[in-house]
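S.K.: Got a file for you: model_29.txt, compact mmCIF, C-alpha atoms and all ligand atoms.
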# COMPACT_ATOMS: atom_id res chain seq x y z
CA MET A 1 14.39 22.50 7.21
CA GLN A 2 16.60 25.60 7.56
CA GLU A 3 14.88 26.38 10.86
CA LEU A 4 15.76 22.90 12.16
CA LYS A 5 19.36 23.17 10.95
CA ASN A 6 19.74 26.44 12.87
CA CYS A 7 17.87 25.25 16.00
CA ARG A 8 19.48 26.29 19.29
CA LYS A 9 16.66 25.35 21.65
CA CYS A 10 18.88 23.26 23.93
CA GLY A 11 22.50 23.01 25.01
CA LEU A 12 23.33 20.33 22.43
CA ALA A 13 23.58 23.13 19.87
CA HIS A 14 26.96 24.02 21.45
CA THR A 15 28.57 20.60 21.00
CA ARG A 16 27.08 19.33 17.74
CA THR A 17 28.80 19.45 14.37
CA GLN A 18 25.43 19.61 12.67
CA VAL A 19 21.75 18.79 13.19
CA VAL A 20 20.76 15.38 11.83
CA PRO A 21 17.32 15.74 10.24
CA GLY A 22 14.84 12.96 9.43
CA THR A 23 15.21 11.31 6.02
CA GLY A 24 13.30 8.99 3.71
CA ALA A 25 9.97 9.04 1.91
CA GLU A 26 7.74 11.97 2.84
CA ASP A 27 4.69 9.77 2.21
CA ALA A 28 6.09 6.84 4.23
CA ARG A 29 3.53 4.67 5.99
CA ILE A 30 6.06 3.71 8.69
CA MET A 31 8.25 6.01 10.75
CA PHE A 32 11.29 4.64 12.60
CA THR A 33 12.45 6.80 15.50
CA ALA A 34 15.80 6.21 17.19
CA GLU A 35 17.31 7.95 20.20
CA ALA A 36 19.84 10.52 18.99
CA PRO A 37 22.75 10.87 16.55
CA GLY A 38 26.09 9.31 17.53
CA LYS A 39 29.59 10.47 16.60
CA GLN A 40 29.45 9.20 13.02
CA GLU A 41 25.97 10.62 12.39
CA ASP A 42 27.05 13.97 13.82
CA ARG A 43 30.01 14.00 11.41
CA LEU A 44 28.07 12.92 8.31
CA GLY A 45 24.66 14.44 9.06
CA VAL A 46 22.89 11.16 8.22
CA GLY A 47 20.95 8.99 10.69
CA PHE A 48 22.21 5.45 11.41
CA SER A 49 25.44 5.73 9.44
CA GLY A 50 27.72 3.83 11.87
CA SER A 51 27.93 0.12 12.67
CA ALA A 52 24.43 0.18 14.22
CA GLY A 53 23.28 1.56 10.85
CA LYS A 54 24.50 -1.56 9.07
CA ILE A 55 22.44 -3.68 11.46
CA PHE A 56 19.49 -1.34 11.01
CA ASP A 57 19.64 -1.90 7.23
CA GLU A 58 19.70 -5.66 7.85
CA ILE A 59 16.71 -5.34 10.17
CA LEU A 60 14.84 -3.44 7.46
CA ALA A 61 15.76 -6.11 4.88
CA HIS A 62 14.58 -8.79 7.29
CA LEU A 63 11.22 -6.97 7.49
CA GLY A 64 11.10 -6.53 3.71
CA LEU A 65 11.68 -2.77 3.80
CA THR A 66 14.31 -0.35 2.52
CA ARG A 67 15.27 3.14 3.68
CA ASP A 68 13.61 4.77 0.68
CA VAL A 69 10.10 3.64 1.71
CA ILE A 70 10.30 4.58 5.39
CA TRP A 71 10.86 7.79 7.35
CA LEU A 72 13.80 7.64 9.75
CA ASN A 73 14.49 10.19 12.45
CA ASN A 74 15.74 10.62 16.02
CA ALA A 75 13.84 11.80 19.08
CA VAL A 76 16.75 14.21 19.64
CA ARG A 77 18.34 15.73 16.53
CA CYS A 78 21.78 16.71 17.84
CA ARG A 79 24.42 14.39 19.28
CA PRO A 80 24.40 14.24 23.10
CA THR A 81 27.94 14.22 24.44
CA ASP A 82 29.79 15.71 27.40
CA THR A 83 33.38 15.08 26.37
CA GLY A 84 33.18 14.95 22.58
CA ALA A 85 34.63 11.44 22.64
CA LYS A 86 31.69 9.52 24.07
CA ASN A 87 28.01 9.61 23.27
CA ARG A 88 25.58 9.80 26.18
CA ALA A 89 21.83 9.38 26.50
CA PRO A 90 19.86 12.61 26.00
CA HIS A 91 18.61 14.36 29.16
CA PRO A 92 14.82 14.68 29.61
CA SER A 93 15.12 18.46 29.09
CA GLU A 94 16.82 17.87 25.70
CA ILE A 95 14.14 15.35 24.72
CA ALA A 96 11.46 17.88 25.63
CA ALA A 97 13.20 20.72 23.76
CA CYS A 98 13.44 18.60 20.62
CA ARG A 99 9.88 17.25 20.80
CA PRO A 100 8.42 19.88 18.42
CA TRP A 101 10.67 18.56 15.62
CA LEU A 102 9.34 15.05 16.17
CA GLU A 103 5.80 16.38 16.10
CA GLN A 104 6.57 18.29 12.92
CA ASP A 105 7.71 15.03 11.26
CA LEU A 106 4.52 13.29 12.42
CA ARG A 107 2.35 16.06 10.94
CA ARG A 108 4.29 16.10 7.68
CA VAL A 109 4.69 12.37 7.04
CA GLN A 110 1.50 11.17 8.79
CA PRO A 111 2.71 7.58 9.26
CA GLU A 112 0.23 4.82 10.06
CA ILE A 113 2.66 3.21 12.44
CA MET A 114 5.71 4.33 14.35
CA VAL A 115 8.54 2.01 15.38
CA THR A 116 10.81 3.19 18.18
CA LEU A 117 14.35 1.82 18.35
CA GLY A 118 15.56 1.36 21.90
CA ARG A 119 14.54 2.17 25.42
CA THR A 120 15.32 5.89 25.26
CA ALA A 121 13.47 6.40 21.97
CA PHE A 122 10.42 4.65 23.46
CA PHE A 123 10.62 6.81 26.59
CA SER A 124 11.08 9.95 24.48
CA VAL A 125 7.90 9.32 22.55
CA THR A 126 5.63 7.82 25.23
CA GLY A 127 7.09 8.85 28.60
CA GLU A 128 7.01 5.13 29.59
CA VAL A 129 10.05 3.92 31.54
CA ASN A 130 9.18 0.21 31.44
CA PHE A 131 10.45 -0.68 27.99
CA THR A 132 10.69 -4.42 28.71
CA GLN A 133 6.97 -4.66 29.46
CA PHE A 134 5.98 -3.11 26.13
CA ARG A 135 8.66 -4.18 23.62
CA GLY A 136 7.58 -6.37 20.73
CA LYS A 137 3.87 -5.51 20.81
CA LEU A 138 1.65 -2.71 19.65
CA TYR A 139 1.45 0.22 22.07
CA PRO A 140 -1.78 2.21 21.78
CA ALA A 141 -1.14 5.86 20.95
CA THR A 142 -2.47 8.47 18.51
CA VAL A 143 -0.10 6.90 16.00
CA PRO A 144 0.11 3.20 16.99
CA LEU A 145 3.62 2.46 18.10
CA PHE A 146 5.74 -0.69 18.04
CA PRO A 147 8.78 -0.64 20.37
CA LEU A 148 11.89 -2.54 19.24
CA ALA A 149 15.23 -2.75 21.01
CA HIS A 150 18.05 -0.61 19.61
CA PRO A 151 19.88 -2.32 16.72
CA ALA A 152 23.20 -1.93 18.59
CA TYR A 153 21.74 -4.32 21.20
CA LEU A 154 22.45 -7.10 18.72
CA ILE A 155 26.16 -6.24 18.67
CA TYR A 156 26.53 -6.54 22.43
CA ARG A 157 23.88 -9.16 23.24
CA LYS A 158 24.19 -11.97 20.72
CA THR A 159 21.85 -14.03 22.93
CA ALA A 160 19.08 -11.51 22.20
CA VAL A 161 18.84 -12.45 18.52
CA ASN A 162 16.00 -14.96 18.95
CA GLU A 163 13.93 -12.51 20.95
CA TYR A 164 14.61 -9.76 18.40
CA ARG A 165 13.68 -12.07 15.54
CA GLN A 166 10.33 -12.82 17.25
CA ASP A 167 9.64 -9.10 17.68
CA LEU A 168 10.40 -8.51 13.99
CA GLU A 169 8.05 -11.31 13.00
CA GLN A 170 5.27 -9.68 15.07
CA LEU A 171 5.99 -6.38 13.37
CA ARG A 172 6.06 -7.92 9.90
CA GLN A 173 2.67 -9.57 10.48
CA LEU A 174 1.27 -6.26 11.67
CA LEU A 175 2.52 -4.46 8.55
CA LEU A 176 1.09 -7.19 6.31
CA LYS A 177 -2.29 -6.88 8.05
CA ARG A 178 -2.25 -3.19 7.16
CA ASN A 179 -1.46 -4.03 3.54
CA ILE A 180 1.86 -2.24 3.68
CA PRO A 181 3.86 -3.59 0.73
CA LEU A 182 6.84 -5.67 1.87
CA LEU A 183 9.61 -7.38 -0.07
CA PRO A 184 10.37 -11.05 0.68
CA PRO A 185 12.45 -11.03 3.90
CA LEU A 186 16.21 -11.31 3.36
CA PRO A 187 18.39 -13.37 5.69
CA SER A 188 21.04 -11.32 7.47
CA ARG A 189 24.31 -11.76 9.34
CA PHE A 190 22.66 -10.76 12.59
CA MET A 191 19.17 -12.16 12.23
CA GLY A 192 20.03 -15.43 10.45
S1 LIG A 201 18.73 18.69 20.07
FE1 LIG A 201 16.86 19.41 19.08
S2 LIG A 201 16.15 21.11 20.38
FE2 LIG A 201 18.31 20.76 20.87
S3 LIG A 201 19.42 22.16 19.53
FE3 LIG A 201 19.32 20.18 18.47
S4 LIG A 201 17.52 20.34 17.15
FE4 LIG A 201 17.35 21.98 18.67
Would you mind giving the structure from this file in structure tokens?

M.R.:
Amino acid sequence: MQELKNCRKCGLAHTRTQVVPGTGAEDARIMFTAEAPGKQEDRLGVGFSGSAGKIFDEILAHLGLTRDVIWLNNAVRCRPTDTGAKNRAPHPSEIAACRPWLEQDLRRVQPEIMVTLGRTAFFSVTGEVNFTQFRGKLYPATVPLFPLAHPAYLIYRKTAVNEYRQDLEQLRQLLLKRNIPLLPPLPSRFMG
């Protein structure tokens, strides 16, 4: 953990406030991987702590999960920004530099299924650029992977809720088939 906190393997080490490590249950059966920390996460050192984090918690509740039974991390552990004010997507070189930390999480947690959140997270893990073709269904990989859109998508694209709800239903059925314990799904502001 100290090694990660001191990591300077890419240029994002110069602009970050702090590294945002993965969190959750070390024996989690599901790993959620997002793109990279934003401004709020960089300040607090906790993944998904901004407004997208509230939606993420609602998505988990809709699936019947909570943060304490999953592992949550980012493909890139430091906030990508050029100006300090705005977030940007991580560059491929930053994704590649940070890859060993993702692999370390996979070795340590050994999840049965990985859920990527957003186009960039999916690309970071698989190298696939065609997110639309693969979202909402199981993608074959060493650790089977289920690509979801980024939770912030629901803030900007209200019309996407139905599609997102269908993807979550697919994922919930998949988790049930694997006998992963789920709570009854909770309705949410975003998912209905
Ligand atoms: S983004 Fe990853 S590789 Fe780059 S400095 Fe941060 S922890 Fe290290």

S.K.: Please compute the atom CA of A:Tyr164-atom CA of A:Glu94 distance, one decimal, in Å.

M.R.: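 According to the coordinates, atom CA of A:Tyr164 and atom CA of A:Glu94 are separated by 28.7 Å.
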
S.K.: Within 10 Å of ligand LIG 201 (chain A), counting only C-alpha atoms and all ligand atoms: which residues, as a ChimeraX atom specification?

M.R.: /A:3-16,18-21,36-37,74-80,90,93-102

S.K.: Of the candidates A:Arg172, A:Thr23, A:Leu186, A:Val143, which one gets nearest to A:Arg107 if we count all atoms listed in the file?

M.R.: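 That would be A:Val143, the residue with the smallest distance to A:Arg107.
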
S.K.: Mind pulling up the distance from atom CA of A:Glu26 to atom CA of A:Arg178?

M.R.: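 Distance reported for this atom pair: 18.7 Å.
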
S.K.: Any idea what's packed within 12 Å of stretch 160-162 of chain A, counting only C-alpha atoms, ignoring anything in its chain fewer than 4 positions away? Could you give it as a count of residues only?

M.R.: 20

S.K.: Which residues, written as a list in words, have at least one atom at most 12 Å from A:Pro144, with all atoms listed in the file counted and residues fewer than 5 positions away on the same chain left out?

M.R.: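 The contact residues come out as Arg29, Ile30, Met31, Leu106, Gln110, Pro111, Glu112, Ile113, Met114, Val115, Thr116, Val125, Thr126, Lys137, Leu138, Tyr139, Leu171, Leu174, Leu175 and Arg178 of chain A.
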
S.K.: Quick one: of A:Glu163, A:Glu128, A:Glu35, A:Asp105, who's nearest to A:Trp71, counting all atoms listed in the file?

M.R.: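 Between A:Glu163, A:Glu128, A:Glu35, A:Asp105, the residue approaching A:Trp71 most closely is A:Asp105.
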
S.K.: Please identify all polymer residues within 7 Å of A:Ala25, counting only C-alpha atoms, omitting same-chain residues fewer than 2 positions from it, and present them as JSON, numbers by chain.

M.R.: {"A": [27, 28, 68, 69, 70, 71]}

S.K.: Which of these, A:Ala34, A:Leu145, A:Leu44, A:Leu65, has the shortest distance to A:Thr17 once you count only C-alpha atoms?

M.R.: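 Answer, going by the shortest atom-to-atom distance: A:Leu44.
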
S.K.: In Å to one decimal, how far is atom CA of A:Gly47 from atom CA of A:Arg67?

M.R.: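 According to the coordinates, atom CA of A:Arg67 and atom CA of A:Gly47 are separated by 10.8 Å.
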
S.K.: Take every atom of stretch 46-52 of chain A listed in the file, pad by 8 Å on each side, and give me the axis-aligned box centre and edge lengths in Å, one decimal, as lines of an AutoDock Vina configuration file.

M.R.:
center_x = 24.4
center_y = 5.6
center_z = 11.2
size_x = 23.0
size_y = 27.0
size_z = 22.0

S.K.: When distances are computed from all atoms listed in the file, which of A:Asn87, A:Arg165, A:Val46, A:Pro181 shows the smallest separation from A:His62?

M.R.: A:Arg165

S.K.: Looking at A:Ala85, A:Leu183, A:Val129, A:Val109, which one is nearest to A:Ala61, with distances taken over only C-alpha atoms?

M.R.: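 With only C-alpha atoms as the atom set, the closest residue is A:Leu183.
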
S.K.: With only C-alpha atoms as the atoms that count, which of A:Arg135, A:Arg108, A:Lys177, A:Lys39 lies nearest to A:Thr83?

M.R.: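 Once distances to A:Thr83 are computed over only C-alpha atoms, the minimum belongs to A:Lys39.
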
S.K.: Missing atoms in stretch 45-62 of chain A: fill them in up to N, CA and C atoms and send the result as a PDB file, keeping the file's coordinate frame.

M.R.:
ATOM      1  N   GLY A  45      25.984  13.815   9.180  1.00  0.00           N
ATOM      2  CA  GLY A  45      24.660  14.440   9.060  1.00  0.00           C
ATOM      3  C   GLY A  45      23.585  13.484   8.579  1.00  0.00           C
ATOM      4  N   VAL A  46      23.846  12.178   8.689  1.00  0.00           N
ATOM      5  CA  VAL A  46      22.890  11.160   8.220  1.00  0.00           C
ATOM      6  C   VAL A  46      22.609  10.184   9.369  1.00  0.00           C
ATOM      7  N   GLY A  47      21.337   9.895   9.615  1.00  0.00           N
ATOM      8  CA  GLY A  47      20.950   8.990  10.690  1.00  0.00           C
ATOM      9  C   GLY A  47      21.413   7.566  10.433  1.00  0.00           C
ATOM     10  N   PHE A  48      21.776   6.850  11.486  1.00  0.00           N
ATOM     11  CA  PHE A  48      22.210   5.450  11.410  1.00  0.00           C
ATOM     12  C   PHE A  48      23.249   5.231  10.320  1.00  0.00           C
ATOM     13  N   SER A  49      24.384   5.940  10.436  1.00  0.00           N
ATOM     14  CA  SER A  49      25.440   5.730   9.440  1.00  0.00           C
ATOM     15  C   SER A  49      26.623   4.936  10.001  1.00  0.00           C
ATOM     16  N   GLY A  50      26.621   4.608  11.285  1.00  0.00           N
ATOM     17  CA  GLY A  50      27.720   3.830  11.870  1.00  0.00           C
ATOM     18  C   GLY A  50      27.438   2.334  11.806  1.00  0.00           C
ATOM     19  N   SER A  51      28.090   1.577  12.704  1.00  0.00           N
ATOM     20  CA  SER A  51      27.930   0.120  12.670  1.00  0.00           C
ATOM     21  C   SER A  51      26.488  -0.282  13.016  1.00  0.00           C
ATOM     22  N   ALA A  52      25.837   0.491  13.905  1.00  0.00           N
ATOM     23  CA  ALA A  52      24.430   0.180  14.220  1.00  0.00           C
ATOM     24  C   ALA A  52      23.568   0.396  12.968  1.00  0.00           C
ATOM     25  N   GLY A  53      24.011   1.304  12.099  1.00  0.00           N
ATOM     26  CA  GLY A  53      23.280   1.560  10.850  1.00  0.00           C
ATOM     27  C   GLY A  53      23.290   0.362   9.927  1.00  0.00           C
ATOM     28  N   LYS A  54      24.425  -0.351   9.914  1.00  0.00           N
ATOM     29  CA  LYS A  54      24.500  -1.560   9.070  1.00  0.00           C
ATOM     30  C   LYS A  54      23.487  -2.588   9.576  1.00  0.00           C
ATOM     31  N   ILE A  55      23.410  -2.729  10.896  1.00  0.00           N
ATOM     32  CA  ILE A  55      22.440  -3.680  11.460  1.00  0.00           C
ATOM     33  C   ILE A  55      21.029  -3.189  11.183  1.00  0.00           C
ATOM     34  N   PHE A  56      20.829  -1.876  11.294  1.00  0.00           N
ATOM     35  CA  PHE A  56      19.490  -1.340  11.010  1.00  0.00           C
ATOM     36  C   PHE A  56      19.070  -1.695   9.589  1.00  0.00           C
ATOM     37  N   ASP A  57      19.985  -1.555   8.623  1.00  0.00           N
ATOM     38  CA  ASP A  57      19.640  -1.900   7.230  1.00  0.00           C
ATOM     39  C   ASP A  57      19.291  -3.391   7.124  1.00  0.00           C
ATOM     40  N   GLU A  58      20.003  -4.225   7.883  1.00  0.00           N
ATOM     41  CA  GLU A  58      19.700  -5.660   7.850  1.00  0.00           C
ATOM     42  C   GLU A  58      18.336  -5.942   8.491  1.00  0.00           C
ATOM     43  N   ILE A  59      18.019  -5.190   9.523  1.00  0.00           N
ATOM     44  CA  ILE A  59      16.710  -5.340  10.170  1.00  0.00           C
ATOM     45  C   ILE A  59      15.606  -4.967   9.182  1.00  0.00           C
ATOM     46  N   LEU A  60      15.827  -3.863   8.469  1.00  0.00           N
ATOM     47  CA  LEU A  60      14.840  -3.440   7.460  1.00  0.00           C
ATOM     48  C   LEU A  60      14.675  -4.538   6.408  1.00  0.00           C
ATOM     49  N   ALA A  61      15.810  -5.072   5.918  1.00  0.00           N
ATOM     50  CA  ALA A  61      15.760  -6.110   4.880  1.00  0.00           C
ATOM     51  C   ALA A  61      15.025  -7.343   5.404  1.00  0.00           C
ATOM     52  N   HIS A  62      15.238  -7.649   6.671  1.00  0.00           N
ATOM     53  CA  HIS A  62      14.580  -8.790   7.290  1.00  0.00           C
ATOM     54  C   HIS A  62      13.051  -8.570   7.326  1.00  0.00           C
TER      55      HIS A  62
END
